$ cat final.cif   # mmCIF, C-alpha atoms
data_my_file
#
loop_
_atom_site.label_atom_id
_atom_site.label_comp_id
_atom_site.auth_asym_id
_atom_site.auth_seq_id
_atom_site.Cartn_x
_atom_site.Cartn_y
_atom_site.Cartn_z
CA ASP A 1 118.86 90.50 84.85
CA THR A 2 115.85 90.20 87.12
CA ALA A 3 113.94 93.50 87.27
CA VAL A 4 112.17 93.00 90.62
CA SER A 5 113.46 90.27 92.89
CA GLN A 6 112.16 88.96 96.18
CA THR A 7 113.67 86.69 98.79
CA PRO A 8 112.78 84.20 99.93
CA LYS A 9 110.50 82.65 97.32
CA TYR A 10 108.96 80.28 99.86
CA LEU A 11 108.67 80.78 103.60
CA VAL A 12 107.18 78.24 105.97
CA THR A 13 107.08 79.21 109.61
CA GLN A 14 105.14 78.70 112.81
CA MET A 15 102.60 80.97 114.41
CA GLY A 16 104.11 83.60 116.63
CA ASN A 17 107.40 83.86 114.75
CA ASP A 18 108.80 87.05 113.22
CA LYS A 19 109.91 87.00 109.59
CA SER A 20 111.12 89.37 106.88
CA ILE A 21 110.74 89.43 103.12
CA LYS A 22 113.17 91.43 101.02
CA CYS A 23 112.54 93.15 97.71
CA GLU A 24 114.96 94.81 95.32
CA GLN A 25 114.40 96.46 91.96
CA ASN A 26 117.09 97.40 89.45
CA LEU A 27 114.83 99.43 87.17
CA GLY A 28 115.64 102.80 88.67
CA HIS A 29 112.01 103.27 89.71
CA ASP A 30 111.09 105.67 92.49
CA THR A 31 107.95 103.94 93.79
CA MET A 32 107.65 100.49 95.34
CA TYR A 33 104.70 98.53 96.67
CA TRP A 34 103.71 95.50 98.69
CA TYR A 35 100.62 93.57 97.66
CA LYS A 36 99.01 90.54 99.31
CA GLN A 37 97.26 87.81 97.33
CA ASP A 38 95.15 85.61 99.56
CA SER A 39 93.90 82.08 99.04
CA LYS A 40 90.96 83.39 97.02
CA LYS A 41 93.46 84.98 94.63
CA PHE A 42 92.39 88.52 95.54
CA LEU A 43 95.34 90.90 95.13
CA LYS A 44 95.29 93.87 97.51
CA ILE A 45 97.65 96.78 98.13
CA MET A 46 99.29 96.93 101.55
CA PHE A 47 101.92 99.67 101.34
CA SER A 48 103.55 102.02 98.88
CA TYR A 49 106.76 104.00 99.14
CA ASN A 50 107.76 106.87 96.89
CA ASN A 51 111.39 107.99 97.16
CA LYS A 52 111.70 106.14 100.47
CA GLU A 53 108.63 107.83 101.93
CA LEU A 54 105.48 105.95 102.88
CA ILE A 55 102.60 107.20 100.75
CA ILE A 56 100.06 104.42 101.09
CA ASN A 57 99.33 102.46 104.22
CA GLU A 58 96.15 100.47 103.83
CA THR A 59 94.28 98.87 106.71
CA VAL A 60 96.95 96.39 107.62
CA PRO A 61 97.69 95.09 111.16
CA ASN A 62 100.58 96.96 112.73
CA ARG A 63 102.38 93.63 112.97
CA PHE A 64 103.36 94.41 109.38
CA SER A 65 106.10 97.00 109.07
CA PRO A 66 107.65 98.03 105.77
CA LYS A 67 111.10 99.55 105.57
CA SER A 68 112.72 101.26 102.62
CA PRO A 69 116.46 101.79 103.18
CA ASP A 70 116.83 103.28 99.70
CA LYS A 71 114.80 103.69 96.51
CA ALA A 72 115.80 100.28 95.21
CA HIS A 73 114.75 98.28 98.26
CA LEU A 74 111.50 97.74 100.14
CA ASN A 75 111.44 95.12 102.86
CA LEU A 76 108.47 93.77 104.78
CA HIS A 77 108.80 92.62 108.38
CA ILE A 78 106.00 90.68 110.01
CA ASN A 79 105.80 90.17 113.77
CA SER A 80 103.87 87.49 115.63
CA LEU A 81 102.77 85.65 112.53
CA GLU A 82 99.19 84.33 112.45
CA LEU A 83 97.55 81.60 110.36
CA GLY A 84 95.65 84.26 108.41
CA ASP A 85 98.91 85.79 107.21
CA SER A 86 99.40 82.81 104.89
CA ALA A 87 99.34 84.25 101.39
CA VAL A 88 101.54 85.22 98.47
CA TYR A 89 103.21 88.59 98.95
CA PHE A 90 104.18 90.50 95.82
CA CYS A 91 106.55 93.40 95.64
CA ALA A 92 106.16 95.79 92.71
CA SER A 93 107.76 98.96 91.41
CA SER A 94 106.92 101.76 89.02
CA GLN A 95 108.24 105.10 87.98
CA GLY A 96 105.55 106.80 90.01
CA ALA A 97 103.51 108.33 87.24
CA PRO A 98 100.13 106.65 87.28
CA TYR A 99 100.03 105.62 83.66
CA TYR A 100 103.29 103.72 83.83
CA GLU A 101 103.41 99.99 84.21
CA GLN A 102 103.95 98.38 87.58
CA TYR A 103 106.47 95.56 87.47
CA PHE A 104 105.90 92.74 89.92
CA GLY A 105 108.38 90.48 91.61
CA PRO A 106 107.90 86.69 91.50
CA GLY A 107 106.15 86.63 94.86
CA THR A 108 106.91 85.12 98.26
CA ARG A 109 104.63 82.27 99.26
CA LEU A 110 104.24 82.47 103.04
CA THR A 111 102.74 79.54 104.92
CA VAL A 112 102.11 79.88 108.62
CA THR A 113 101.53 76.62 110.48
CA ARG B 1 80.78 95.97 97.34
CA LYS B 2 84.19 95.32 95.79
CA GLU B 3 85.70 98.26 93.95
CA VAL B 4 86.42 96.22 90.83
CA GLU B 5 84.12 93.36 89.88
CA GLN B 6 84.73 90.66 87.31
CA ASP B 7 83.04 87.43 86.30
CA PRO B 8 85.44 84.83 87.72
CA GLY B 9 84.68 82.29 85.00
CA PRO B 10 86.21 79.91 84.17
CA PHE B 11 85.83 80.50 80.48
CA ASN B 12 86.66 77.36 78.51
CA VAL B 13 87.01 78.07 74.79
CA PRO B 14 88.47 76.19 71.82
CA GLU B 15 91.52 77.47 69.99
CA GLY B 16 90.60 80.12 67.47
CA ALA B 17 87.55 81.31 69.37
CA THR B 18 86.80 84.90 70.30
CA VAL B 19 86.21 85.55 73.98
CA ALA B 20 85.19 88.70 75.84
CA PHE B 21 85.69 89.63 79.47
CA ASN B 22 83.81 92.34 81.29
CA CYS B 23 84.60 94.37 84.35
CA THR B 24 82.81 97.08 86.30
CA TYR B 25 84.26 99.55 88.75
CA SER B 26 82.48 101.46 91.46
CA ASN B 27 84.60 104.57 91.99
CA SER B 28 83.73 107.32 89.53
CA ALA B 29 87.03 109.04 90.39
CA SER B 30 88.92 106.21 88.75
CA GLN B 31 91.57 107.57 86.43
CA SER B 32 93.60 104.77 84.90
CA PHE B 33 92.57 101.37 83.67
CA PHE B 34 94.52 98.27 82.79
CA TRP B 35 94.29 94.60 82.02
CA TYR B 36 96.92 92.44 83.66
CA ARG B 37 97.54 88.78 83.01
CA GLN B 38 98.53 86.29 85.71
CA ASP B 39 99.70 82.78 84.90
CA CYS B 40 99.33 80.06 87.51
CA ARG B 41 101.67 80.65 90.45
CA LYS B 42 103.30 83.61 88.70
CA GLU B 43 103.27 87.36 89.15
CA PRO B 44 100.81 89.65 87.36
CA LYS B 45 102.09 91.25 84.17
CA LEU B 46 100.65 94.18 82.28
CA LEU B 47 98.74 93.08 79.21
CA MET B 48 97.55 96.48 78.10
CA SER B 49 96.41 99.85 79.31
CA VAL B 50 92.85 100.88 78.50
CA TYR B 51 92.18 104.26 76.95
CA SER B 52 88.92 106.16 76.66
CA SER B 53 88.88 105.84 72.90
CA GLY B 54 89.48 102.11 73.06
CA ASN B 55 92.70 100.50 71.96
CA GLU B 56 93.95 97.41 70.22
CA ASP B 57 97.14 95.40 70.50
CA GLY B 58 97.26 92.58 68.01
CA ARG B 59 94.52 90.11 68.90
CA PHE B 60 93.55 92.04 72.01
CA THR B 61 91.07 94.92 72.10
CA ALA B 62 90.20 96.90 75.21
CA GLN B 63 87.24 99.24 75.63
CA LEU B 64 86.32 101.69 78.35
CA ASN B 65 82.88 103.16 79.01
CA ARG B 66 83.24 105.82 81.69
CA ALA B 67 79.54 106.59 81.81
CA SER B 68 78.69 102.97 82.64
CA GLN B 69 81.95 102.43 84.56
CA TYR B 70 82.60 99.39 82.46
CA ILE B 71 85.77 97.92 80.93
CA SER B 72 86.04 95.08 78.47
CA LEU B 73 88.73 92.92 76.91
CA LEU B 74 88.22 91.03 73.67
CA ILE B 75 90.59 88.29 72.61
CA ARG B 76 90.34 87.14 69.01
CA ASP B 77 91.74 83.92 67.55
CA SER B 78 92.51 82.46 70.99
CA LYS B 79 95.76 80.57 71.40
CA LEU B 80 96.60 77.85 73.91
CA SER B 81 99.13 80.27 75.39
CA ASP B 82 96.33 82.72 76.23
CA SER B 83 95.24 80.41 79.06
CA ALA B 84 95.68 82.48 82.21
CA THR B 85 93.78 84.66 84.65
CA TYR B 86 92.95 88.14 83.37
CA LEU B 87 92.84 90.86 85.99
CA CYS B 88 90.89 94.07 85.54
CA VAL B 89 92.79 96.85 87.27
CA VAL B 90 91.84 100.40 88.17
CA ARG B 91 93.72 103.26 89.74
CA ASN B 92 91.81 105.97 91.61
CA SER B 93 92.88 109.50 92.22
CA ASN B 94 92.68 108.94 95.98
CA SER B 95 94.79 105.79 96.08
CA GLY B 96 98.12 107.30 95.14
CA TYR B 97 99.78 105.10 92.63
CA ALA B 98 98.38 101.84 93.97
CA LEU B 99 96.33 99.60 91.76
CA ASN B 100 92.94 98.12 92.65
CA PHE B 101 92.59 94.63 91.26
CA GLY B 102 89.53 92.63 90.38
CA LYS B 103 89.58 88.98 91.40
CA GLY B 104 90.33 87.95 87.85
CA THR B 105 88.66 85.93 85.13
CA SER B 106 90.09 82.52 84.41
CA LEU B 107 90.51 81.53 80.75
CA LEU B 108 91.32 78.06 79.50
CA VAL B 109 91.89 77.64 75.77
CA THR B 110 91.63 74.03 74.67
CA PRO B 111 92.94 72.31 71.52
#
$ encode --input "final.cif" --output "structure tokens"
Amino acid sequence: DTAVSQTPKYLVTQMGNDKSIKCEQNLGHDTMYWYKQDSKKFLKIMFSYNNKELIINETVPNRFSPKSPDKAHLNLHINSLELGDSAVYFCASSQGAPYYEQYFGPGTRLTVT
Amino acid sequence: RKEVEQDPGPFNVPEGATVAFNCTYSNSASQSFFWYRQDCRKEPKLLMSVYSSGNEDGRFTAQLNRASQYISLLIRDSKLSDSATYLCVVRNSNSGYALNFGKGTSLLVTP
């Protein structure tokens, strides 16, 4: 069974469109994250939810809106997509405590044309 | 200045070689330290946590020097399957549970 899954795996869309990426974890973790890995391979935190509450919201354009309907899901909605949004988006989860491993999903490769 | 700095490499080494990666971090409030491994077009996976006393896992040895804010990873007897990007990762007390990643060091082990 996949621990952290993301859909879709690939997303190609045009500038100005709105798109969503879904993430689900079946590990029973209470904390979930969205990371962005840009073309230079730099991986950076965007958001973190703990027990469905937003606990980290880095400097991210407000076109990006995370939503956590329950502890097992964290979705990312992006409005008015721009060329610079092209990247790989990784969802991750952990059991909150800082020393515990974060498990990453396979990533969603977003290309904005 | 980036919070976590690594030599990007690439490091090209023959099978059986010993290779060392270094990493420095800028935030003295950093609390937890890790090495993650990322294969090409895959997600990062935890390789090992790094403890103050240093720790070893098979062919891999990690060291932490809090005074110098320096982390290292030593790989002995390199295997072809060790080829990957190695990410130095730090968690700070003021970043919740989020991880701060270095840009990674690329390793290629050749026959």
$ interface_residues --input "final.cif" --of "chain A" --to "chain B" --cutoff "7 Å" --atoms "all atoms listed in the file" --output "PDB file with C-alpha atoms, keeping the file's coordinate frame"
ATOM      1  CA  LYS A  41      93.460  84.980  94.630  1.00  0.00           C
ATOM      2  CA  PHE A  42      92.390  88.520  95.540  1.00  0.00           C
ATOM      3  CA  LEU A  43      95.340  90.900  95.130  1.00  0.00           C
ATOM      4  CA  LYS A  44      95.290  93.870  97.510  1.00  0.00           C
ATOM      5  CA  ILE A  45      97.650  96.780  98.130  1.00  0.00           C
ATOM      6  CA  ILE A  56     100.060 104.420 101.090  1.00  0.00           C
ATOM      7  CA  GLY A  96     105.550 106.800  90.010  1.00  0.00           C
ATOM      8  CA  PRO A  98     100.130 106.650  87.280  1.00  0.00           C
ATOM      9  CA  TYR A  99     100.030 105.620  83.660  1.00  0.00           C
ATOM     10  CA  GLU A 101     103.410  99.990  84.210  1.00  0.00           C
ATOM     11  CA  TYR A 103     106.470  95.560  87.470  1.00  0.00           C
ATOM     12  CA  PHE A 104     105.900  92.740  89.920  1.00  0.00           C
ATOM     13  CA  GLY A 105     108.380  90.480  91.610  1.00  0.00           C
ATOM     14  CA  PRO A 106     107.900  86.690  91.500  1.00  0.00           C
ATOM     15  CA  GLY A 107     106.150  86.630  94.860  1.00  0.00           C
TER      16      GLY A 107
END
$ resolve_selection --input "final.cif" --expression "the PyMOL selection byres ((chain A and resi 113) around 7)" --output "short mmCIF file (atom, residue, chain, number, x, y, z; two decimals) with C-alpha atoms, keeping the file's coordinate frame"
data_model
loop_
_atom_site.label_atom_id
_atom_site.label_comp_id
_atom_site.auth_asym_id
_atom_site.auth_seq_id
_atom_site.Cartn_x
_atom_site.Cartn_y
_atom_site.Cartn_z
CA THR A 13 107.08 79.21 109.61
CA GLN A 14 105.14 78.70 112.81
CA MET A 15 102.60 80.97 114.41
CA LEU A 83 97.55 81.60 110.36
CA THR A 111 102.74 79.54 104.92
CA VAL A 112 102.11 79.88 108.62
#
$ resolve_selection --input "final.cif" --expression "the PyMOL selection byres ((chain A and resi 9) around 9)" --output "PyMOL selection string"
chain A and resi 6-8+10-11+21+106-110
$ closest_residue --input "final.cif" --among "B:Ser53, B:Ser81, B:Gln69, B:Ser30" --to "B:Gly16" --atoms "all atoms listed in the file"
B:Ser81
$ closest_residue --input "final.cif" --among "B:Asn65, B:Arg37, B:Leu108, B:Gln6" --to "B:Ser78" --atoms "all atoms listed in the file"
B:Leu108
$ atom_distance --input "final.cif" --atom1 "atom CA of A:Asn79" --atom2 "atom CA of A:Glu58"
17.3 Å
$ residues_around --input "final.cif" --residues "stretch 48-55 of chain A" --least-positions-apart "5" --cutoff "9 Å" --atoms "all atoms listed in the file" --output "list in words"
His29, Asp30, Thr31, Met32, Tyr33, Trp34, Pro66, Lys67, Ser68, Pro69, Asp70, Lys71, Ala72, His73, Leu74 and Gly96 of chain A; Gly96, Tyr97 and Ala98 of chain B
$ atom_distance --input "final.cif" --atom1 "atom CA of B:Gly9" --atom2 "atom CA of A:Gly84"
25.9 Å
$ atom_distance --input "final.cif" --atom1 "atom CA of A:Ile78" --atom2 "atom CA of A:Thr59"
14.7 Å
$ resolve_selection --input "final.cif" --expression "the PyMOL selection byres ((chain B and resi 58) around 12)" --output "list of chain:residue names"
B:Leu47, B:Met48, B:Asn55, B:Glu56, B:Asp57, B:Arg59, B:Phe60, B:Thr61, B:Ala62, B:Leu74, B:Ile75, B:Arg76, B:Asp77, B:Ser78
$ residues_near_point --input "final.cif" --point "(88.9, 81.3, 81.4)" --cutoff "8 Å" --atoms "all atoms listed in the file" --output "list in words"
Gly9, Pro10, Phe11, Asn12, Val13, Ser83, Ala84, Thr85, Thr105, Ser106, Leu107, Leu108 and Val109 of chain B
